[in-house]
Structures are given as structure tokens and as C-alpha cells.
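Enquirer: One structure is given below, represented as C-alpha cells, and several questions about it will come after.
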Amino acid sequence: MASLKPLNNLYHKYIERNFELINISDRDSRKMIENFKKSHQVPLHLGGEAKTVFDIYHVSSCPTFYYSGNGGQITQVQ
């Protein structure tokens with residue numbers, strides 16, 4: 001929750017520059033995510049039920065941030 005406001009600010013600041021933010025959860029259902037997105041007016045792409053994605057990218061804690069360049073290659077993980 002604490003990271004949503006700064007992420008929303010980044011989204012609005014860079015949306016015109018081919019910039020994208022995607023937020024996923026491995027434990028929340030897609031329906032819960034959509035309800036949360038509507039009730040909190042979150043413009044980011046949110047996805048739920050992403051256990052497979054977490055496994056592929058070896059996510060061990062949340063939040064985890066992946067940064068990629070124009071070609072889609074991951075450049076940094078925090």
C-alpha cells in the first residue's frame with residue numbers, strides 16, 4: 001500500500017514516454033484486484049493469481065521491483 005502513491009505518481013509523470021508499470025500479486029484473486037483497483041482509483045495495470053510469474057522471476061519478497069529497458073531486458077531488481 002505504501003508503494004502505490006509513488007508508483008501512481010511515476011505512472012502519471014512518464015505515461016507519455018512509452019513507460020509502463022505492472023503490479024502483480026501471487027495471493028490475491030483477479031476479482032479482488034479489480035475491486036481494489038476501482039475502489040482506490042489505481043491507474044496501474046494490476047494482476048492477480050501470479051504464482052507462476054513469481055516462480056519464474058524468483059520473487060522472494062514483496063514488493064520487488066524489476067526495471068527493464070526499451071528492449072524488455074531486465075536491467076535492475078530491487
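Here's how to read the names in the C-alpha cells: chain A, B, ... by the order shown, residue numbers from 1 in each chain, ligand numbers from 1 in the order shown.
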Just the residues within 10 Å of Pro43 (chain A), please, counting only C-alpha atoms, with nothing from its chain fewer than 2 positions along; format it as a PyMOL selection string.
Expert: chain A and resi 7-8+11-12+21+37-38+40-41+45-46
Enquirer: With all heavy atoms kept, could you save the residues just selected as an mmCIF file, in the first residue's frame?
Expert:
data_model
loop_
_atom_site.group_PDB
_atom_site.id
_atom_site.type_symbol
_atom_site.label_atom_id
_atom_site.label_comp_id
_atom_site.auth_asym_id
_atom_site.auth_seq_id
_atom_site.Cartn_x
_atom_site.Cartn_y
_atom_site.Cartn_z
ATOM 1 N N LEU A 7 4.202 5.045 -6.986
ATOM 2 C CA LEU A 7 4.077 4.382 -8.286
ATOM 3 C C LEU A 7 3.035 5.067 -9.159
ATOM 4 O O LEU A 7 3.243 5.237 -10.361
ATOM 5 C CB LEU A 7 3.731 2.904 -8.097
ATOM 6 C CG LEU A 7 4.833 2.043 -7.495
ATOM 7 C CD1 LEU A 7 4.341 0.620 -7.274
ATOM 8 C CD2 LEU A 7 6.077 2.044 -8.363
ATOM 9 N N ASN A 8 1.934 5.478 -8.566
ATOM 10 C CA ASN A 8 0.929 6.238 -9.319
ATOM 11 C C ASN A 8 1.517 7.543 -9.844
ATOM 12 O O ASN A 8 1.265 7.937 -10.977
ATOM 13 C CB ASN A 8 -0.292 6.540 -8.447
ATOM 14 C CG ASN A 8 -1.212 5.366 -8.290
ATOM 15 O OD1 ASN A 8 -1.180 4.423 -9.065
ATOM 16 N ND2 ASN A 8 -2.037 5.416 -7.260
ATOM 17 N N TYR A 11 3.733 6.750 -12.769
ATOM 18 C CA TYR A 11 2.881 6.406 -13.900
ATOM 19 C C TYR A 11 2.396 7.663 -14.615
ATOM 20 O O TYR A 11 2.522 7.790 -15.833
ATOM 21 C CB TYR A 11 1.704 5.562 -13.401
ATOM 22 C CG TYR A 11 0.722 5.188 -14.468
ATOM 23 C CD1 TYR A 11 0.929 4.064 -15.252
ATOM 24 C CD2 TYR A 11 -0.416 5.952 -14.704
ATOM 25 C CE1 TYR A 11 0.032 3.703 -16.237
ATOM 26 C CE2 TYR A 11 -1.324 5.607 -15.683
ATOM 27 C CZ TYR A 11 -1.102 4.482 -16.450
ATOM 28 O OH TYR A 11 -1.986 4.136 -17.430
ATOM 29 N N HIS A 12 1.853 8.600 -13.862
ATOM 30 C CA HIS A 12 1.326 9.831 -14.466
ATOM 31 C C HIS A 12 2.438 10.708 -15.046
ATOM 32 O O HIS A 12 2.234 11.370 -16.064
ATOM 33 C CB HIS A 12 0.505 10.618 -13.446
ATOM 34 C CG HIS A 12 -0.799 9.956 -13.125
ATOM 35 N ND1 HIS A 12 -1.802 9.788 -14.051
ATOM 36 C CD2 HIS A 12 -1.260 9.409 -11.977
ATOM 37 C CE1 HIS A 12 -2.816 9.172 -13.501
ATOM 38 N NE2 HIS A 12 -2.520 8.922 -12.238
ATOM 39 N N LEU A 21 3.982 0.510 -15.948
ATOM 40 C CA LEU A 21 4.097 -0.104 -14.630
ATOM 41 C C LEU A 21 3.081 -1.230 -14.543
ATOM 42 O O LEU A 21 1.926 -1.054 -14.922
ATOM 43 C CB LEU A 21 3.788 0.906 -13.521
ATOM 44 C CG LEU A 21 4.853 1.938 -13.231
ATOM 45 C CD1 LEU A 21 4.297 3.016 -12.306
ATOM 46 C CD2 LEU A 21 6.053 1.295 -12.587
ATOM 47 N N LYS A 37 -8.656 -2.018 -7.401
ATOM 48 C CA LYS A 37 -8.276 -1.012 -8.391
ATOM 49 C C LYS A 37 -9.386 0.033 -8.559
ATOM 50 O O LYS A 37 -9.109 1.228 -8.594
ATOM 51 C CB LYS A 37 -7.984 -1.704 -9.723
ATOM 52 C CG LYS A 37 -7.486 -0.799 -10.796
ATOM 53 C CD LYS A 37 -7.104 -1.569 -12.031
ATOM 54 C CE LYS A 37 -6.683 -0.607 -13.104
ATOM 55 N NZ LYS A 37 -6.142 -1.266 -14.280
ATOM 56 N N LYS A 38 -10.626 -0.420 -8.632
ATOM 57 C CA LYS A 38 -11.754 0.505 -8.785
ATOM 58 C C LYS A 38 -11.959 1.351 -7.537
ATOM 59 O O LYS A 38 -12.139 2.560 -7.631
ATOM 60 C CB LYS A 38 -13.021 -0.276 -9.102
ATOM 61 C CG LYS A 38 -13.056 -0.824 -10.499
ATOM 62 C CD LYS A 38 -14.303 -1.643 -10.727
ATOM 63 C CE LYS A 38 -14.243 -2.327 -12.084
ATOM 64 N NZ LYS A 38 -15.369 -3.247 -12.284
ATOM 65 N N HIS A 40 -9.884 2.178 -5.169
ATOM 66 C CA HIS A 40 -8.779 3.087 -4.834
ATOM 67 C C HIS A 40 -8.315 3.920 -6.029
ATOM 68 O O HIS A 40 -7.325 4.624 -5.946
ATOM 69 C CB HIS A 40 -7.599 2.279 -4.277
ATOM 70 C CG HIS A 40 -7.851 1.750 -2.908
ATOM 71 N ND1 HIS A 40 -8.543 0.575 -2.680
ATOM 72 C CD2 HIS A 40 -7.531 2.237 -1.704
ATOM 73 C CE1 HIS A 40 -8.620 0.363 -1.388
ATOM 74 N NE2 HIS A 40 -8.025 1.364 -0.765
ATOM 75 N N GLN A 41 -9.020 3.804 -7.153
ATOM 76 C CA GLN A 41 -8.717 4.563 -8.366
ATOM 77 C C GLN A 41 -7.245 4.438 -8.757
ATOM 78 O O GLN A 41 -6.530 5.430 -8.937
ATOM 79 C CB GLN A 41 -9.121 6.018 -8.197
ATOM 80 C CG GLN A 41 -10.589 6.185 -7.912
ATOM 81 C CD GLN A 41 -10.991 7.608 -7.667
ATOM 82 O OE1 GLN A 41 -10.172 8.525 -7.646
ATOM 83 N NE2 GLN A 41 -12.266 7.836 -7.463
ATOM 84 N N HIS A 45 -1.593 -1.132 -14.190
ATOM 85 C CA HIS A 45 -2.051 -2.468 -14.550
ATOM 86 C C HIS A 45 -1.814 -3.366 -13.345
ATOM 87 O O HIS A 45 -0.694 -3.473 -12.858
ATOM 88 C CB HIS A 45 -1.283 -3.001 -15.755
ATOM 89 C CG HIS A 45 -1.508 -2.217 -16.999
ATOM 90 N ND1 HIS A 45 -2.692 -2.274 -17.699
ATOM 91 C CD2 HIS A 45 -0.731 -1.346 -17.653
ATOM 92 C CE1 HIS A 45 -2.621 -1.474 -18.740
ATOM 93 N NE2 HIS A 45 -1.435 -0.894 -18.733
ATOM 94 N N LEU A 46 -2.868 -3.987 -12.863
ATOM 95 C CA LEU A 46 -2.755 -4.874 -11.718
ATOM 96 C C LEU A 46 -3.169 -6.278 -12.146
ATOM 97 O O LEU A 46 -4.112 -6.445 -12.912
ATOM 98 C CB LEU A 46 -3.674 -4.416 -10.577
ATOM 99 C CG LEU A 46 -3.478 -3.005 -10.037
ATOM 100 C CD1 LEU A 46 -4.515 -2.711 -8.962
ATOM 101 C CD2 LEU A 46 -2.090 -2.829 -9.476
#
Enquirer: Can you tell me, as a PyMOL selection string, what residues are no more than 12 Å from region 25-28 of chain A when counting only C-alpha atoms, ignoring any on the same chain fewer than 5 positions away?
Expert: chain A and resi 33-36+45-55+59-64
Enquirer: Take the residues that were just selected and, keeping C-alpha atoms, output them as a short mmCIF file (atom, residue, chain, number, x, y, z; two decimals), in the first residue's frame.
Expert:
data_model
loop_
_atom_site.label_atom_id
_atom_site.label_comp_id
_atom_site.auth_asym_id
_atom_site.auth_seq_id
_atom_site.Cartn_x
_atom_site.Cartn_y
_atom_site.Cartn_z
CA ILE A 33 -7.54 -6.95 -7.58
CA GLU A 34 -10.15 -5.39 -9.89
CA ASN A 35 -12.32 -4.37 -6.93
CA PHE A 36 -9.30 -2.82 -5.21
CA HIS A 45 -2.05 -2.47 -14.55
CA LEU A 46 -2.76 -4.87 -11.72
CA GLY A 47 -2.80 -8.65 -11.95
CA GLY A 48 -3.62 -11.40 -9.52
CA GLU A 49 -3.05 -15.12 -9.19
CA ALA A 50 0.50 -14.72 -10.47
CA LYS A 51 2.26 -17.57 -8.62
CA THR A 52 3.82 -18.82 -11.88
CA VAL A 53 5.28 -15.37 -12.64
CA PHE A 54 6.70 -15.17 -9.11
CA ASP A 55 8.33 -18.57 -9.59
CA VAL A 59 10.41 -13.31 -6.34
CA SER A 60 11.06 -13.97 -2.66
CA SER A 61 9.69 -10.82 -1.02
CA CYS A 62 7.17 -8.09 -1.72
CA PRO A 63 7.34 -5.56 -3.02
CA THR A 64 10.00 -6.46 -5.59
#
Enquirer: If you run DSSP over the backbone, which residues in region 5-35 of chain A end up alpha helix (DSSP H)? Put them as a list of chain:residue names.
Expert: A:Lys5, A:Pro6, A:Leu7, A:Asn8, A:Asn9, A:Leu10, A:Tyr11, A:His12, A:Lys13, A:Tyr14, A:Arg30, A:Lys31, A:Met32, A:Ile33, A:Glu34, A:Asn35
Enquirer: Write a file of the just-selected residues containing N, CA, C and O atoms, as a PDB file, in the first residue's frame.
Expert:
ATOM      1  N   LYS A   5       1.202   5.089  -3.925  1.00  0.00           N
ATOM      2  CA  LYS A   5       1.174   6.524  -4.243  1.00  0.00           C
ATOM      3  C   LYS A   5       2.390   6.933  -5.085  1.00  0.00           C
ATOM      4  O   LYS A   5       2.225   7.569  -6.132  1.00  0.00           O
ATOM      5  N   PRO A   6       3.639   6.568  -4.686  1.00  0.00           N
ATOM      6  CA  PRO A   6       4.782   6.920  -5.535  1.00  0.00           C
ATOM      7  C   PRO A   6       4.716   6.263  -6.914  1.00  0.00           C
ATOM      8  O   PRO A   6       5.091   6.879  -7.915  1.00  0.00           O
ATOM      9  N   LEU A   7       4.202   5.045  -6.986  1.00  0.00           N
ATOM     10  CA  LEU A   7       4.077   4.382  -8.286  1.00  0.00           C
ATOM     11  C   LEU A   7       3.035   5.067  -9.159  1.00  0.00           C
ATOM     12  O   LEU A   7       3.243   5.237 -10.361  1.00  0.00           O
ATOM     13  N   ASN A   8       1.934   5.478  -8.566  1.00  0.00           N
ATOM     14  CA  ASN A   8       0.929   6.238  -9.319  1.00  0.00           C
ATOM     15  C   ASN A   8       1.517   7.543  -9.844  1.00  0.00           C
ATOM     16  O   ASN A   8       1.265   7.937 -10.977  1.00  0.00           O
ATOM     17  N   ASN A   9       2.320   8.214  -9.016  1.00  0.00           N
ATOM     18  CA  ASN A   9       2.968   9.457  -9.448  1.00  0.00           C
ATOM     19  C   ASN A   9       3.907   9.211 -10.619  1.00  0.00           C
ATOM     20  O   ASN A   9       3.922   9.985 -11.586  1.00  0.00           O
ATOM     21  N   LEU A  10       4.698   8.148 -10.554  1.00  0.00           N
ATOM     22  CA  LEU A  10       5.590   7.796 -11.672  1.00  0.00           C
ATOM     23  C   LEU A  10       4.795   7.497 -12.935  1.00  0.00           C
ATOM     24  O   LEU A  10       5.157   7.929 -14.029  1.00  0.00           O
ATOM     25  N   TYR A  11       3.733   6.750 -12.769  1.00  0.00           N
ATOM     26  CA  TYR A  11       2.881   6.406 -13.900  1.00  0.00           C
ATOM     27  C   TYR A  11       2.396   7.663 -14.615  1.00  0.00           C
ATOM     28  O   TYR A  11       2.522   7.790 -15.833  1.00  0.00           O
ATOM     29  N   HIS A  12       1.853   8.600 -13.862  1.00  0.00           N
ATOM     30  CA  HIS A  12       1.326   9.831 -14.466  1.00  0.00           C
ATOM     31  C   HIS A  12       2.438  10.708 -15.046  1.00  0.00           C
ATOM     32  O   HIS A  12       2.234  11.370 -16.064  1.00  0.00           O
ATOM     33  N   LYS A  13       3.592  10.697 -14.437  1.00  0.00           N
ATOM     34  CA  LYS A  13       4.703  11.531 -14.910  1.00  0.00           C
ATOM     35  C   LYS A  13       5.260  11.029 -16.247  1.00  0.00           C
ATOM     36  O   LYS A  13       5.602  11.828 -17.121  1.00  0.00           O
ATOM     37  N   TYR A  14       5.338   9.704 -16.427  1.00  0.00           N
ATOM     38  CA  TYR A  14       6.024   9.144 -17.594  1.00  0.00           C
ATOM     39  C   TYR A  14       5.127   8.419 -18.587  1.00  0.00           C
ATOM     40  O   TYR A  14       5.619   7.853 -19.560  1.00  0.00           O
ATOM     41  N   ARG A  30      -7.990 -12.313  -9.119  1.00  0.00           N
ATOM     42  CA  ARG A  30      -8.189 -11.258 -10.107  1.00  0.00           C
ATOM     43  C   ARG A  30      -9.389 -10.388  -9.743  1.00  0.00           C
ATOM     44  O   ARG A  30      -9.371  -9.179  -9.929  1.00  0.00           O
ATOM     45  N   LYS A  31     -10.436 -11.007  -9.217  1.00  0.00           N
ATOM     46  CA  LYS A  31     -11.627 -10.251  -8.824  1.00  0.00           C
ATOM     47  C   LYS A  31     -11.299  -9.289  -7.684  1.00  0.00           C
ATOM     48  O   LYS A  31     -11.710  -8.124  -7.712  1.00  0.00           O
ATOM     49  N   MET A  32     -10.549  -9.746  -6.686  1.00  0.00           N
ATOM     50  CA  MET A  32     -10.150  -8.869  -5.580  1.00  0.00           C
ATOM     51  C   MET A  32      -9.317  -7.705  -6.088  1.00  0.00           C
ATOM     52  O   MET A  32      -9.491  -6.563  -5.658  1.00  0.00           O
ATOM     53  N   ILE A  33      -8.409  -7.991  -7.017  1.00  0.00           N
ATOM     54  CA  ILE A  33      -7.543  -6.954  -7.584  1.00  0.00           C
ATOM     55  C   ILE A  33      -8.380  -5.904  -8.311  1.00  0.00           C
ATOM     56  O   ILE A  33      -8.172  -4.699  -8.144  1.00  0.00           O
ATOM     57  N   GLU A  34      -9.312  -6.341  -9.144  1.00  0.00           N
ATOM     58  CA  GLU A  34     -10.149  -5.394  -9.888  1.00  0.00           C
ATOM     59  C   GLU A  34     -10.996  -4.537  -8.950  1.00  0.00           C
ATOM     60  O   GLU A  34     -11.147  -3.341  -9.166  1.00  0.00           O
ATOM     61  N   ASN A  35     -11.547  -5.141  -7.914  1.00  0.00           N
ATOM     62  CA  ASN A  35     -12.324  -4.369  -6.934  1.00  0.00           C
ATOM     63  C   ASN A  35     -11.450  -3.340  -6.233  1.00  0.00           C
ATOM     64  O   ASN A  35     -11.854  -2.197  -6.025  1.00  0.00           O
TER      65      ASN A  35
END
